$ cat run_39.tsv   # TSV, C-alpha atoms and all ligand atoms
chain	number	residue	atom	x	y	z
A	1	MET	CA	-6.23	13.63	-10.91
A	2	LEU	CA	-5.87	16.36	-8.25
A	3	LEU	CA	-2.53	18.11	-8.14
A	4	LYS	CA	-0.71	19.54	-5.15
A	5	GLY	CA	-0.09	23.29	-5.32
A	6	ASP	CA	-2.27	25.77	-7.17
A	7	ASN	CA	0.44	28.04	-8.48
A	8	LEU	CA	2.65	25.72	-10.44
A	9	THR	CA	5.29	27.48	-12.51
A	10	LYS	CA	6.47	25.92	-15.75
A	11	THR	CA	9.42	24.28	-14.02
A	12	ASP	CA	7.51	22.86	-11.05
A	13	LYS	CA	6.72	19.17	-11.23
A	14	ALA	CA	3.09	18.38	-10.47
A	15	VAL	CA	2.94	15.66	-7.80
A	16	PRO	CA	-0.17	13.47	-7.90
A	17	THR	CA	-2.12	13.34	-4.64
A	18	GLY	CA	-4.58	10.67	-3.53
A	19	GLY	CA	-2.12	8.00	-4.65
A	20	PRO	CA	-0.51	5.42	-2.38
A	21	ASN	CA	1.90	6.69	0.26
A	22	HIS	CA	3.54	3.27	0.66
A	23	VAL	CA	3.99	0.90	-2.26
A	24	ALA	CA	5.44	-2.58	-1.79
A	25	ILE	CA	6.64	-4.63	-4.77
A	26	ILE	CA	7.21	-8.34	-5.29
A	27	MET	CA	9.72	-8.14	-8.14
A	28	ASP	CA	9.07	-11.40	-9.96
A	29	GLY	CA	10.02	-12.71	-13.38
A	30	ASN	CA	13.76	-12.01	-13.67
A	31	GLY	CA	14.57	-15.66	-14.39
A	32	ARG	CA	11.90	-16.09	-17.07
A	33	TRP	CA	12.90	-12.80	-18.69
A	34	ALA	CA	16.49	-13.99	-19.00
A	35	GLN	CA	15.64	-17.52	-20.08
A	36	ALA	CA	13.33	-16.19	-22.83
A	37	GLN	CA	16.47	-14.64	-24.33
A	38	GLY	CA	18.57	-17.74	-23.83
A	39	LYS	CA	20.54	-16.02	-21.07
A	40	PRO	CA	21.41	-17.20	-17.54
A	41	ARG	CA	19.02	-16.26	-14.74
A	42	LEU	CA	21.54	-13.87	-13.21
A	43	PHE	CA	21.37	-11.79	-16.37
A	44	GLY	CA	17.71	-11.22	-15.47
A	45	HIS	CA	18.54	-10.30	-11.87
A	46	ARG	CA	21.05	-7.71	-13.09
A	47	ALA	CA	18.41	-6.19	-15.38
A	48	GLY	CA	16.04	-6.28	-12.39
A	49	ALA	CA	18.50	-4.26	-10.33
A	50	ARG	CA	18.52	-1.55	-13.00
A	51	ARG	CA	14.71	-1.36	-12.76
A	52	VAL	CA	14.98	-0.89	-9.00
A	53	ARG	CA	17.01	2.24	-9.65
A	54	GLU	CA	14.44	3.54	-12.17
A	55	ILE	CA	11.45	2.91	-9.90
A	56	VAL	CA	13.12	4.49	-6.84
A	57	LYS	CA	13.85	7.58	-8.94
A	58	ALA	CA	10.21	7.72	-10.08
A	59	CYS	CA	8.80	7.76	-6.53
A	60	PRO	CA	9.04	11.49	-5.69
A	61	GLU	CA	7.16	12.64	-8.77
A	62	GLN	CA	4.54	9.95	-8.16
A	63	GLY	CA	4.01	11.09	-4.56
A	64	VAL	CA	5.25	7.74	-3.20
A	65	LYS	CA	7.03	8.33	0.10
A	66	TYR	CA	7.68	4.68	1.06
A	67	LEU	CA	8.81	1.95	-1.31
A	68	THR	CA	9.42	-1.57	-0.02
A	69	ILE	CA	10.88	-4.19	-2.36
A	70	PHE	CA	11.21	-7.94	-1.97
A	71	ALA	CA	14.81	-8.73	-2.96
A	72	PHE	CA	15.36	-12.15	-1.35
A	73	SER	CA	12.99	-14.32	0.63
A	74	THR	CA	13.65	-16.81	3.42
A	75	GLU	CA	12.62	-19.44	0.85
A	76	ASN	CA	15.01	-18.26	-1.89
A	77	TRP	CA	17.88	-20.22	-0.27
A	78	LYS	CA	16.35	-23.26	-1.97
A	79	ARG	CA	17.65	-22.03	-5.34
A	80	THR	CA	20.90	-23.38	-6.75
A	81	GLN	CA	24.02	-22.42	-4.89
A	82	ALA	CA	25.25	-20.54	-7.99
A	83	GLU	CA	22.11	-18.40	-8.21
A	84	VAL	CA	22.11	-17.62	-4.47
A	85	ALA	CA	25.81	-16.66	-4.58
A	86	GLY	CA	25.20	-14.55	-7.69
A	87	LEU	CA	22.32	-12.72	-6.02
A	88	MET	CA	24.35	-12.06	-2.86
A	89	LEU	CA	27.17	-10.64	-4.99
A	90	LEU	CA	24.65	-8.52	-6.88
A	91	PHE	CA	23.31	-7.07	-3.61
A	92	ARG	CA	26.85	-6.15	-2.54
A	93	ARG	CA	27.60	-4.53	-5.89
A	94	TYR	CA	24.26	-2.74	-5.91
A	95	ILE	CA	24.93	-1.16	-2.51
A	96	LYS	CA	28.46	-0.08	-3.49
A	97	LYS	CA	27.36	1.29	-6.86
A	98	GLU	CA	24.17	3.04	-5.76
A	99	THR	CA	25.20	4.60	-2.44
A	100	LYS	CA	26.30	7.94	-3.92
A	101	ASP	CA	23.15	8.28	-6.01
A	102	LEU	CA	20.87	7.31	-3.14
A	103	ILE	CA	22.45	9.97	-0.93
A	104	GLU	CA	22.16	12.60	-3.69
A	105	ASP	CA	18.54	11.63	-4.33
A	106	ASN	CA	17.72	12.03	-0.62
A	107	VAL	CA	16.67	8.38	-0.24
A	108	ARG	CA	16.72	6.75	3.18
A	109	VAL	CA	17.45	3.05	2.94
A	110	ARG	CA	16.45	0.40	5.47
A	111	PHE	CA	16.71	-3.37	5.33
A	112	ILE	CA	14.20	-5.79	6.78
A	113	GLY	CA	14.62	-9.53	7.25
A	114	ASP	CA	16.88	-11.74	9.32
A	115	ARG	CA	20.54	-10.81	8.88
A	116	ILE	CA	21.81	-13.85	10.76
A	117	LYS	CA	22.22	-16.03	7.64
A	118	LEU	CA	23.77	-13.28	5.53
A	119	ASP	CA	27.46	-12.92	4.78
A	120	ASN	CA	29.31	-10.52	7.12
A	121	LYS	CA	30.59	-8.39	4.25
A	122	LEU	CA	27.06	-7.90	2.95
A	123	VAL	CA	25.73	-7.09	6.43
A	124	SER	CA	28.47	-4.46	6.92
A	125	LEU	CA	27.51	-2.82	3.62
A	126	MET	CA	23.83	-2.89	4.62
A	127	ASP	CA	24.61	-1.30	8.02
A	128	GLU	CA	26.75	1.36	6.35
A	129	LEU	CA	24.10	2.22	3.74
A	130	GLU	CA	21.49	2.57	6.49
A	131	ARG	CA	23.88	4.78	8.44
A	132	VAL	CA	24.88	7.13	5.61
A	133	THR	CA	21.29	7.60	4.43
A	134	ALA	CA	19.76	7.94	7.92
A	135	GLY	CA	19.30	11.70	7.55
A	136	ASN	CA	17.48	11.46	4.21
A	137	ASP	CA	13.72	11.68	3.93
A	138	LEU	CA	12.47	12.28	0.38
A	139	VAL	CA	11.88	8.56	-0.25
A	140	HIS	CA	12.08	5.74	2.30
A	141	LEU	CA	13.34	2.67	0.47
A	142	THR	CA	13.09	-0.59	2.40
A	143	ILE	CA	14.81	-3.65	0.96
A	144	ALA	CA	13.56	-7.00	2.19
A	145	LEU	CA	16.56	-9.34	2.25
A	146	ASN	CA	16.31	-12.81	3.74
A	147	TYR	CA	12.80	-11.72	4.63
A	148	GLY	CA	9.74	-13.87	5.24
A	149	GLY	CA	6.50	-12.63	6.77
A	150	ARG	CA	6.09	-15.72	8.97
A	151	ASP	CA	9.72	-15.58	10.04
A	152	GLU	CA	9.32	-11.91	10.95
A	153	VAL	CA	6.23	-12.63	13.08
A	154	ALA	CA	8.03	-15.57	14.74
A	155	ARG	CA	11.06	-13.39	15.56
A	156	ALA	CA	8.79	-10.64	16.91
A	157	THR	CA	6.93	-13.19	19.03
A	158	LYS	CA	10.22	-14.42	20.46
A	159	ARG	CA	11.06	-10.83	21.51
A	160	LEU	CA	7.58	-10.47	22.96
A	161	ALA	CA	8.00	-13.65	24.99
A	162	MET	CA	11.33	-12.35	26.30
A	163	GLU	CA	9.74	-9.07	27.38
A	164	VAL	CA	7.08	-11.05	29.26
A	165	ALA	CA	9.71	-13.35	30.81
A	166	GLU	CA	11.74	-10.31	31.93
A	167	GLY	CA	8.63	-8.76	33.48
A	168	LYS	CA	8.66	-5.78	31.09
A	169	LEU	CA	5.31	-6.71	29.58
A	170	LYS	CA	2.16	-8.25	31.10
A	171	PRO	CA	0.41	-10.90	28.95
A	172	GLU	CA	-2.92	-9.09	29.43
A	173	ASP	CA	-1.38	-5.95	27.87
A	174	VAL	CA	-0.48	-7.70	24.61
A	175	ASP	CA	-2.46	-6.37	21.67
A	176	GLU	CA	-1.93	-5.71	17.94
A	177	SER	CA	0.20	-2.67	18.63
A	178	THR	CA	2.61	-4.76	20.74
A	179	LEU	CA	3.42	-7.03	17.82
A	180	THR	CA	3.54	-4.11	15.35
A	181	ARG	CA	6.18	-2.49	17.56
A	182	LEU	CA	8.33	-5.63	17.52
A	183	LEU	CA	8.24	-6.27	13.76
A	184	ASP	CA	11.13	-5.34	11.43
A	185	THR	CA	8.82	-2.75	9.88
A	186	CYS	CA	8.03	-1.01	13.21
A	187	VAL	CA	8.85	2.47	11.88
A	188	LEU	CA	7.00	2.07	8.58
A	189	PRO	CA	3.36	2.69	7.75
A	190	ASP	CA	1.42	-0.29	6.36
A	191	PRO	CA	1.63	-0.61	2.57
A	192	ASP	CA	-1.31	0.95	0.73
A	193	LEU	CA	-0.60	-0.97	-2.44
A	194	VAL	CA	1.25	-4.22	-3.10
A	195	ILE	CA	2.30	-4.84	-6.70
A	196	ARG	CA	3.42	-8.23	-7.99
A	197	THR	CA	4.90	-8.57	-11.43
A	198	SER	CA	5.13	-11.57	-13.80
A	199	GLY	CA	1.53	-12.79	-13.79
A	200	GLU	CA	1.65	-14.77	-10.53
A	201	ALA	CA	-1.19	-13.91	-8.16
A	202	ARG	CA	0.12	-14.84	-4.72
A	203	ILE	CA	1.66	-13.07	-1.74
A	204	SER	CA	4.63	-15.44	-1.19
A	205	ASN	CA	5.14	-14.66	2.50
A	206	PHE	CA	5.61	-10.91	1.91
A	207	LEU	CA	4.46	-8.41	4.58
A	208	LEU	CA	1.75	-10.77	5.83
A	209	TRP	CA	0.84	-8.76	8.93
A	210	GLN	CA	1.29	-5.34	7.33
A	211	SER	CA	-0.77	-5.97	4.18
A	212	ALA	CA	-3.99	-6.89	5.99
A	213	TYR	CA	-5.80	-4.01	4.26
A	214	SER	CA	-3.50	-3.31	1.33
A	215	GLU	CA	-4.75	-3.13	-2.20
A	216	TYR	CA	-3.19	-5.61	-4.62
A	217	GLU	CA	-2.18	-5.17	-8.23
A	218	PHE	CA	-0.99	-8.09	-10.31
A	219	THR	CA	0.60	-7.34	-13.65
A	220	ASP	CA	1.79	-9.77	-16.31
A	221	THR	CA	4.87	-7.63	-16.95
A	222	LEU	CA	8.10	-9.35	-15.94
A	223	TRP	CA	10.12	-7.28	-13.47
A	224	PRO	CA	12.98	-6.38	-15.89
A	225	ASP	CA	10.32	-4.91	-18.23
A	226	PHE	CA	8.59	-2.93	-15.47
A	227	THR	CA	9.17	0.68	-16.53
A	228	ASP	CA	8.44	3.89	-14.66
A	229	LYS	CA	5.60	4.40	-17.18
A	230	ILE	CA	3.91	1.13	-16.13
A	231	PHE	CA	4.48	2.11	-12.49
A	232	ALA	CA	2.78	5.48	-13.12
A	233	GLU	CA	-0.19	3.78	-14.84
A	234	ILE	CA	-0.73	1.44	-11.91
A	235	LEU	CA	-0.54	4.32	-9.44
A	236	ALA	CA	-3.02	6.35	-11.49
A	237	GLY	CA	-5.45	3.39	-11.35
A	238	TYR	CA	-5.08	3.19	-7.56
A	239	GLY	CA	-6.93	6.51	-7.22
A	240	ASN	CA	-10.16	4.81	-8.35
A	241	ARG	CA	-10.15	2.23	-5.57
A	242	ASP	CA	-12.58	2.48	-2.69
A	243	ARG	CA	-10.71	1.54	0.49
A	244	ARG	CA	-13.14	0.96	3.35
A	245	PHE	CA	-10.93	-0.91	5.86
A	246	GLY	CA	-13.87	-3.12	6.80
A	247	ALA	CA	-16.29	-0.22	7.23
A	248	VAL	CA	-19.28	0.75	5.09
A	249	ARG	CA	-19.11	3.93	3.02
A	250	ALA	CA	-21.46	6.53	4.61
B	301	LIG	C1	12.22	-13.05	-8.56
B	301	LIG	O1	12.37	-13.42	-9.91
B	301	LIG	C2	13.30	-12.21	-8.18
B	301	LIG	C3	14.17	-12.45	-7.16
B	301	LIG	C4	14.14	-13.63	-6.29
B	301	LIG	C5	15.25	-11.54	-6.89
B	301	LIG	C6	14.88	-10.09	-6.89
B	301	LIG	C7	16.10	-9.39	-7.11
B	301	LIG	C8	16.28	-8.36	-7.94
B	301	LIG	C9	15.23	-7.64	-8.66
B	301	LIG	C10	17.66	-7.94	-8.13
B	301	LIG	C11	18.06	-6.67	-7.61
B	301	LIG	C12	17.55	-6.22	-6.31
B	301	LIG	C13	18.23	-5.33	-5.60
B	301	LIG	C14	17.68	-4.76	-4.38
B	301	LIG	C15	19.54	-4.89	-6.03
B	301	LIG	P1	12.57	-14.95	-10.26
B	301	LIG	O2	14.01	-15.22	-10.31
B	301	LIG	O3	11.80	-15.77	-9.27
B	301	LIG	O4	11.93	-15.03	-11.66
B	301	LIG	P2	11.18	-16.30	-12.26
B	301	LIG	O5	9.92	-16.45	-11.47
B	301	LIG	O6	10.94	-15.88	-13.67
B	301	LIG	O7	12.09	-17.48	-12.14
$ encode --input "run_39.tsv" --output "C-alpha cells" --more "lines below"
Ligand code: FPP
Amino acid sequence: MLLKGDNLTKTDKAVPTGGPNHVAIIMDGNGRWAQAQGKPRLFGHRAGARRVREIVKACPEQGVKYLTIFAFSTENWKRTQAEVAGLMLLFRRYIKKETKDLIEDNVRVRFIGDRIKLDNKLVSLMDELERVTAGNDLVHLTIALNYGGRDEVARATKRLAMEVAEGKLKPEDVDESTLTRLLDTCVLPDPDLVIRTSGEARISNFLLWQSAYSEYEFTDTLWPDFTDKIFAEILAGYGNRDRRFGAVRA
C-alpha cells in the first residue's frame, strides 16, 4: 500500500492512502452477542459502545476522515420499551463519558436523524457535544440517531416544497443537488464504503441517497467483536476495488 510522506522518521505513523475517506457502519449483532453469553441485550449494546470508541480512535491512522455510524433507526422504536429506554440512557451516558476524550482526540461530532421524538435531555446533550466539538477536524464522526433514509428524504422534500411555496425555489430548478443540500448529511461527502457487521446483507434504510455509489462490505463479525484490526483489514481490502461510478475504465 502507498504511504503518505517519503521521509518518515521512526516516530511518524504511516497513514495509508487510497483508502476510503468516508466509512459508514451499520453496527449490527449486539443482541446476539449478548444472548450467546446468556446476558441481556443491553449488555451487548454497552460492549458495542466500547467498540465505537476503539474504531473512532483507529480512524486517523487509517486515513479515514469521516465516520458515520448507525446508532438507532426510525424502526428501532419497535423494540421493547425496556430496550429502547436502555439504549437512550446509553446514548446519554456515552455523550457524557466520551466528550472529554472526543475533544482531546480532535473529533468533530454531528448527529443526523429526526430529533423530534427524542428526549429533551438527550437532545440537549447532543446539541452541546456538537457545539463543543465544532472546531475539531481530525475525524468527523456522525452519529445517526432516530435516523431513517426514507424519513430523511421525506423531511428534505418537505423543506423543498416549502421553499417552492415561499417562492425561494422554482420547480424547474430542482435537481439532485437541491435535495442533497436539504438532507441531514448536507455537509458530508458521500460514503465511500459501507460496512455491515453480523452477517446480514441488507442496507436497512441507512444513507439510501448517499450510498448510491458506495462500496459495501458485509462481515460475519458481530459488532461487539469488531476490533480495530478487523477494521484495518477491511480498509486494506478496499484499495483493491475498482470504482467506476457508472463509467468504463479507459
Ligand atoms: C444493532 O444490534 C444495534 C443497535 C440497534 C444499536 C447500536 C448501538 C450501539 C452500538 C451502542 C452504542 C452506540 C453509541 C453511539 C454509543 P442488534 O441489537 O440489532 O443486534 P441483533 O441483530 O443481534 O439483535
$ axis_aligned_box --input "run_39.tsv" --around "ligand LIG 301 (chain B)" --padding-each-side "6 Å" --output "JSON"
{"center_x": 14.7, "center_y": -11.1, "center_z": -9.0, "size_x": 21.6, "size_y": 24.7, "size_z": 21.3}
$ residues_around --input "run_39.tsv" --residues "Phe231 in chain A" --least-positions-apart "4" --cutoff "10 Å" --atoms "only C-alpha atoms" --output "number ranges by chain"
A: 55, 58-59, 62, 195, 226-227, 235-236
$ write_last_selection --input "run_39.tsv" --atoms "C-alpha atoms" --output "PDB file, in the coordinates of the input"
ATOM      1  CA  ILE A  55      11.450   2.910  -9.900  1.00  0.00           C
ATOM      2  CA  ALA A  58      10.210   7.720 -10.080  1.00  0.00           C
ATOM      3  CA  CYS A  59       8.800   7.760  -6.530  1.00  0.00           C
ATOM      4  CA  GLN A  62       4.540   9.950  -8.160  1.00  0.00           C
ATOM      5  CA  ILE A 195       2.300  -4.840  -6.700  1.00  0.00           C
ATOM      6  CA  PHE A 226       8.590  -2.930 -15.470  1.00  0.00           C
ATOM      7  CA  THR A 227       9.170   0.680 -16.530  1.00  0.00           C
ATOM      8  CA  LEU A 235      -0.540   4.320  -9.440  1.00  0.00           C
ATOM      9  CA  ALA A 236      -3.020   6.350 -11.490  1.00  0.00           C
TER      10      ALA A 236
END
$ closest_residue --input "run_39.tsv" --among "A:Lys100, A:His22, A:Arg196, A:Lys57" --to "ligand LIG 301 (chain B)" --atoms "only C-alpha atoms and all ligand atoms"
A:Arg196
$ residues_near_point --input "run_39.tsv" --point "(13.5, 16.7, 1.9)" --cutoff "12 Å" --atoms "only C-alpha atoms" --output "VMD selection string"
chain A and resid 60 65 103 to 108 135 to 140
$ closest_atom_pairs --input "run_39.tsv" --of "chain A" --to "ligand LIG 301 (chain B)" --cutoff "9 Å" --atoms "all atoms listed in the file" --output "CSV"
residue,atom,partner,partner_atom,distance
A:Ile26,CA,B:LIG301,C1,7.6
A:Met27,CA,B:LIG301,C2,5.4
A:Asp28,CA,B:LIG301,C1,3.8
A:Gly29,CA,B:LIG301,O6,3.3
A:Asn30,CA,B:LIG301,O4,4.1
A:Gly31,CA,B:LIG301,O6,3.7
A:Arg32,CA,B:LIG301,O6,3.5
A:Trp33,CA,B:LIG301,O6,6.2
A:Ala34,CA,B:LIG301,O6,7.9
A:Gln35,CA,B:LIG301,O6,8.1
A:Arg41,CA,B:LIG301,O2,6.8
A:Leu42,CA,B:LIG301,O2,8.2
A:Gly44,CA,B:LIG301,O2,7.5
A:His45,CA,B:LIG301,C10,4.5
A:Arg46,CA,B:LIG301,C10,6.0
A:Ala47,CA,B:LIG301,C10,7.5
A:Gly48,CA,B:LIG301,C9,4.1
A:Ala49,CA,B:LIG301,C11,3.7
A:Arg50,CA,B:LIG301,C11,7.4
A:Arg51,CA,B:LIG301,C9,7.5
A:Val52,CA,B:LIG301,C13,6.5
A:Arg53,CA,B:LIG301,C15,8.4
A:Ile69,CA,B:LIG301,C14,7.1
A:Phe70,CA,B:LIG301,C6,6.5
A:Ala71,CA,B:LIG301,C6,4.2
A:Phe72,CA,B:LIG301,C4,5.3
A:Ser73,CA,B:LIG301,C4,7.0
A:Asn76,CA,B:LIG301,C4,6.4
A:Glu83,CA,B:LIG301,O2,9.0
A:Leu87,CA,B:LIG301,C10,7.0
A:Leu90,CA,B:LIG301,C15,6.3
A:Phe91,CA,B:LIG301,C15,5.0
A:Arg92,CA,B:LIG301,C15,8.2
A:Arg93,CA,B:LIG301,C15,8.1
A:Tyr94,CA,B:LIG301,C15,5.2
A:Ile95,CA,B:LIG301,C15,7.4
A:Ile143,CA,B:LIG301,C14,6.2
A:Ala144,CA,B:LIG301,C14,8.1
A:Leu145,CA,B:LIG301,C14,8.1
A:Ser198,CA,B:LIG301,O5,7.2
A:Glu200,CA,B:LIG301,O5,8.5
A:Leu222,CA,B:LIG301,O6,7.5
A:Trp223,CA,B:LIG301,C9,7.0
A:Pro224,CA,B:LIG301,C9,7.7
$ residues_around --input "run_39.tsv" --residues "Leu118 in chain A" --least-positions-apart "4" --cutoff "12 Å" --atoms "only C-alpha atoms" --output "list in words"
Phe72, Ser73, Thr74, Trp77, Val84, Ala85, Leu87, Met88, Leu89, Phe91, Arg92, Gly113, Asp114, Leu122, Val123, Ser124, Leu125, Met126, Leu145, Asn146 and Tyr147 of chain A
$ atom_distance --input "run_39.tsv" --atom1 "CA of Cys186 in chain A" --atom2 "CA of Ile112 in chain A"
10.1 Å
$ closest_residue --input "run_39.tsv" --among "A:Ala156, A:Asp242, A:Glu215, A:Ile234" --to "Ile203 in chain A" --atoms "only C-alpha atoms"
A:Glu215
$ atom_distance --input "run_39.tsv" --atom1 "CA of Leu67 in chain A" --atom2 "CA of Ala24 in chain A"
5.7 Å
$ atom_distance --input "run_39.tsv" --atom1 "CA of Glu128 in chain A" --atom2 "CA of Glu163 in chain A"
29.0 Å
$ closest_residue --input "run_39.tsv" --among "A:Val56, A:Asn240, A:Leu207, A:Val64" --to "Val194 in chain A" --atoms "all atoms listed in the file"
A:Leu207
$ closest_residue --input "run_39.tsv" --among "A:Ala36, A:Thr157, A:Val23, A:Asp127" --to "Leu188 in chain A" --atoms "all atoms listed in the file"
A:Val23
$ closest_residue --input "run_39.tsv" --among "A:Ile25, A:Ala201, A:Val15, A:Leu129" --to "Glu98 in chain A" --atoms "all atoms listed in the file"
A:Leu129
$ residues_around --input "run_39.tsv" --residues "Arg202 in chain A" --least-positions-apart "3" --cutoff "10 Å" --atoms "all atoms listed in the file" --output "ChimeraX atom specification"
/A:26,196,199,205-206,216,218
$ closest_residue --input "run_39.tsv" --among "A:Gly167, A:Pro40, A:Gly19, A:Gly246" --to "Glu61 in chain A" --atoms "all atoms listed in the file"
A:Gly19
$ build_atoms --input "run_39.tsv" --residues "range 238-247 of chain A" --atoms "all heavy atoms" --output "CSV table (one decimal), in the coordinates of the input"
chain,number,residue,atom,x,y,z
A,238,TYR,N,-4.8,3.3,-9.0
A,238,TYR,CA,-5.1,3.2,-7.6
A,238,TYR,C,-6.1,4.2,-7.1
A,238,TYR,O,-6.9,4.0,-6.2
A,238,TYR,CB,-3.7,3.3,-6.8
A,238,TYR,CG,-3.9,3.4,-5.3
A,238,TYR,CD1,-3.9,2.2,-4.6
A,238,TYR,CD2,-4.0,4.6,-4.7
A,238,TYR,CE1,-4.0,2.3,-3.2
A,238,TYR,CE2,-4.2,4.7,-3.3
A,238,TYR,CZ,-4.1,3.5,-2.5
A,238,TYR,OH,-4.3,3.6,-1.2
A,239,GLY,N,-6.0,5.4,-7.7
A,239,GLY,CA,-6.9,6.5,-7.2
A,239,GLY,C,-8.4,6.2,-7.3
A,239,GLY,O,-9.3,6.7,-6.7
A,240,ASN,N,-8.7,5.2,-8.2
A,240,ASN,CA,-10.2,4.8,-8.4
A,240,ASN,C,-10.6,3.8,-7.3
A,240,ASN,O,-11.8,3.4,-7.3
A,240,ASN,CB,-10.4,4.2,-9.8
A,240,ASN,CG,-9.9,5.2,-10.8
A,240,ASN,OD1,-10.1,6.4,-10.7
A,240,ASN,ND2,-9.3,4.6,-11.9
A,241,ARG,N,-9.7,3.3,-6.5
A,241,ARG,CA,-10.2,2.2,-5.6
A,241,ARG,C,-10.9,2.8,-4.3
A,241,ARG,O,-10.5,3.9,-3.9
A,241,ARG,CB,-8.9,1.4,-5.1
A,241,ARG,CG,-8.3,0.7,-6.3
A,241,ARG,CD,-7.1,0.0,-5.8
A,241,ARG,NE,-6.4,-0.7,-7.0
A,241,ARG,CZ,-6.0,-2.0,-6.9
A,241,ARG,NH1,-6.1,-2.7,-5.8
A,241,ARG,NH2,-5.4,-2.5,-7.9
A,242,ASP,N,-11.8,2.0,-3.8
A,242,ASP,CA,-12.6,2.5,-2.7
A,242,ASP,C,-12.1,1.7,-1.5
A,242,ASP,O,-12.5,0.5,-1.3
A,242,ASP,CB,-14.1,2.2,-3.0
A,242,ASP,CG,-15.0,2.6,-1.9
A,242,ASP,OD1,-14.5,3.5,-1.0
A,242,ASP,OD2,-16.1,2.2,-1.8
A,243,ARG,N,-11.2,2.3,-0.7
A,243,ARG,CA,-10.7,1.5,0.5
A,243,ARG,C,-11.6,1.8,1.7
A,243,ARG,O,-11.7,2.9,2.2
A,243,ARG,CB,-9.3,2.0,0.7
A,243,ARG,CG,-8.4,1.6,-0.4
A,243,ARG,CD,-6.9,1.9,-0.1
A,243,ARG,NE,-6.4,1.0,0.8
A,243,ARG,CZ,-5.2,1.2,1.5
A,243,ARG,NH1,-4.6,2.3,1.4
A,243,ARG,NH2,-4.8,0.2,2.3
A,244,ARG,N,-12.2,0.8,2.2
A,244,ARG,CA,-13.1,1.0,3.4
A,244,ARG,C,-12.6,0.4,4.7
A,244,ARG,O,-13.2,0.6,5.7
A,244,ARG,CB,-14.5,0.3,3.0
A,244,ARG,CG,-15.2,1.0,1.8
A,244,ARG,CD,-16.6,0.5,1.6
A,244,ARG,NE,-16.6,-1.0,1.3
A,244,ARG,CZ,-16.4,-1.4,0.1
A,244,ARG,NH1,-16.1,-0.6,-0.9
A,244,ARG,NH2,-16.4,-2.7,-0.1
A,245,PHE,N,-11.5,-0.3,4.6
A,245,PHE,CA,-10.9,-0.9,5.9
A,245,PHE,C,-12.0,-1.6,6.7
A,245,PHE,O,-12.0,-1.5,7.9
A,245,PHE,CB,-10.2,0.2,6.7
A,245,PHE,CG,-9.1,0.8,5.9
A,245,PHE,CD1,-9.3,2.0,5.2
A,245,PHE,CD2,-7.8,0.3,5.9
A,245,PHE,CE1,-8.3,2.6,4.5
A,245,PHE,CE2,-6.8,0.8,5.2
A,245,PHE,CZ,-7.0,2.0,4.5
A,246,GLY,N,-12.9,-2.3,6.1
A,246,GLY,CA,-13.9,-3.1,6.8
A,246,GLY,C,-15.1,-2.3,7.1
A,246,GLY,O,-16.1,-2.9,7.6
A,247,ALA,N,-15.1,-1.0,6.9
A,247,ALA,CA,-16.3,-0.2,7.2
A,247,ALA,C,-17.2,-0.1,6.0
A,247,ALA,O,-16.9,-0.6,4.9
A,247,ALA,CB,-15.8,1.2,7.7
